[in-house]
Amino acid sequence: MATSEPRRSTLGMLLLALLMEAPMHPYRMQQMIKERGQDQLVNVAQRNSVYQALDRLERDGLARRASTAREAGRPERTVYEITDEGAATMKRWLASALPTPAREFPEFPAALAFLAVMPPGEVRELLGRRAEVLTAKVAAIRDQAPPGMPRLFLIEDEYRVAMLTAEISWLRSVTADLDSGALTWDLRMIQETLQRFGEL
């Protein structure tokens with residue numbers, strides 16, 4: 001068992017949550033993540049990511065190998081189970097993650113910081129396309145919800161829809177300002193602004 005609090009990761013939390021449901025092998029975990037649409041929350045495109053995360057959970061004493069199983073015509077599979085420390089750590093991680101915004105570094109706000117390197121018309125086109133992509137994503141999330149599924153099991157999708165809807169609204173307001181000329185720029189305006197604020 002680790003002597004200090006193990007490093008929290010989104011994938012680690014998801015794997016511990018699955019193991020709290022029942023012992024299972026990594027391939028089944030990856031299947032369940034995809035079946036539940038949770039591959040939108042964590043990157044499990046590469047199968048190895050689940051195995052690596054499980055290795056770390058095992059090293060930290062949060063999960064352990066429970067047994068091995070072999071099905072006809074398939075390789076031997078190791079079944080993992082959560083430890084008591086794993087269950088306690090999962091609850092501590094949730095108690096920390098729910099109230100405290102994480103320090104994240106998403107790509108989109110970074111890209112927004114450099115809009116001035118492109119002409120306003122091109123930016124308007126690109127942001128309009130982003131709004132279309134996000135609108136389709138919201139529709140896909142809503143369509144995948146099974147009828148009658150209790151809200152508790154859809155709460156992360158509800159949050160994603162709320163965040164995406166807010167971003168779509170913001171994108172539409174920015175593209176409207178670009179269309180009307182309320183938001184615009186050119187090289188001279190950029191240079192004058194930077195000089196005025198001491199950036200040059």
# chains A, B, ... in the order shown; residues from 1 in each chain; ligands from 1
>>> residues_around(residues="Gln31 of chain A", least_positions_apart="3", cutoff="12 Å", atoms="only C-alpha atoms", output="list of chain:residue names")
A:Leu15, A:Leu18, A:Met24, A:His25, A:Pro26, A:Tyr27, A:Arg28, A:Lys34, A:Glu35, A:Arg36, A:Gly37, A:Gln38, A:Asp39, A:Val44, A:Ala45, A:Arg47, A:Val50
>>> select_by_dssp(residues="chain A", states="strand (DSSP E or B)", output="number ranges by chain")
A: 24, 63-69, 77-82
>>> select_by_dssp(residues="chain A", states="helix (DSSP H, G or I)", output="ChimeraX atom specification")
/A:10-21,26-35,38-40,48-59,84-97,107-112,115-117,120-144,151-180,187-196
>>> residues_around(residues="segment 175-182 of chain A", least_positions_apart="4", cutoff="7 Å", atoms="only C-alpha atoms", output="PyMOL selection string")
chain A and resi 120+124+127-128+171
>>> write_last_selection(atoms="N, CA and C atoms", output="compact mmCIF listing (two decimals), in the first residue's frame")
# COMPACT_ATOMS: atom_id res chain seq x y z
N PRO A 120 -10.40 38.53 -39.53
CA PRO A 120 -11.69 38.30 -38.87
C PRO A 120 -12.64 37.39 -39.64
N ARG A 124 -14.29 33.98 -38.23
CA ARG A 124 -15.75 33.82 -38.18
C ARG A 124 -16.15 32.47 -38.78
N LEU A 127 -15.05 29.59 -36.33
CA LEU A 127 -15.87 29.52 -35.13
C LEU A 127 -17.29 29.05 -35.46
N GLY A 128 -17.78 29.43 -36.62
CA GLY A 128 -19.09 28.94 -37.06
C GLY A 128 -19.08 27.43 -37.25
N LEU A 171 -20.31 31.11 -28.88
CA LEU A 171 -19.77 31.13 -30.24
C LEU A 171 -20.69 31.90 -31.18
>>> atom_distance(atom1="atom CA of Arg74 of chain A", atom2="atom CA of Ala22 of chain A")
21.3 Å
>>> residues_around(residues="Leu57 of chain A", least_positions_apart="2", cutoff="12 Å", atoms="only C-alpha atoms", output="number ranges by chain")
A: 1-2, 5-9, 11-16, 19, 50-55, 59-65, 80-83, 85-87, 89-90
>>> closest_residue(among="A:Ala88, A:Ala145, A:Leu98, A:Ile190", to="Val117 of chain A", atoms="only C-alpha atoms")
A:Ile190
>>> residues_around(residues="Arg130 of chain A", least_positions_apart="4", cutoff="10 Å", atoms="only C-alpha atoms", output="list of chain:residue names")
A:Arg124, A:Glu125, A:Leu126, A:Leu134, A:Thr135, A:Ala136, A:Glu167, A:Ile168, A:Leu171, A:Arg172
>>> closest_residue(among="A:Arg70, A:Thr184, A:Pro101, A:Ala140", to="Val123 of chain A", atoms="only C-alpha atoms")
A:Thr184
>>> closest_residue(among="A:Leu194, A:Met149, A:Val138, A:Met20", to="Met163 of chain A", atoms="only C-alpha atoms")
A:Val138
>>> atom_distance(atom1="atom CA of Pro23 of chain A", atom2="atom CA of Gly148 of chain A")
27.1 Å
>>> atom_distance(atom1="atom CA of Leu183 of chain A", atom2="atom CA of Glu132 of chain A")
20.6 Å
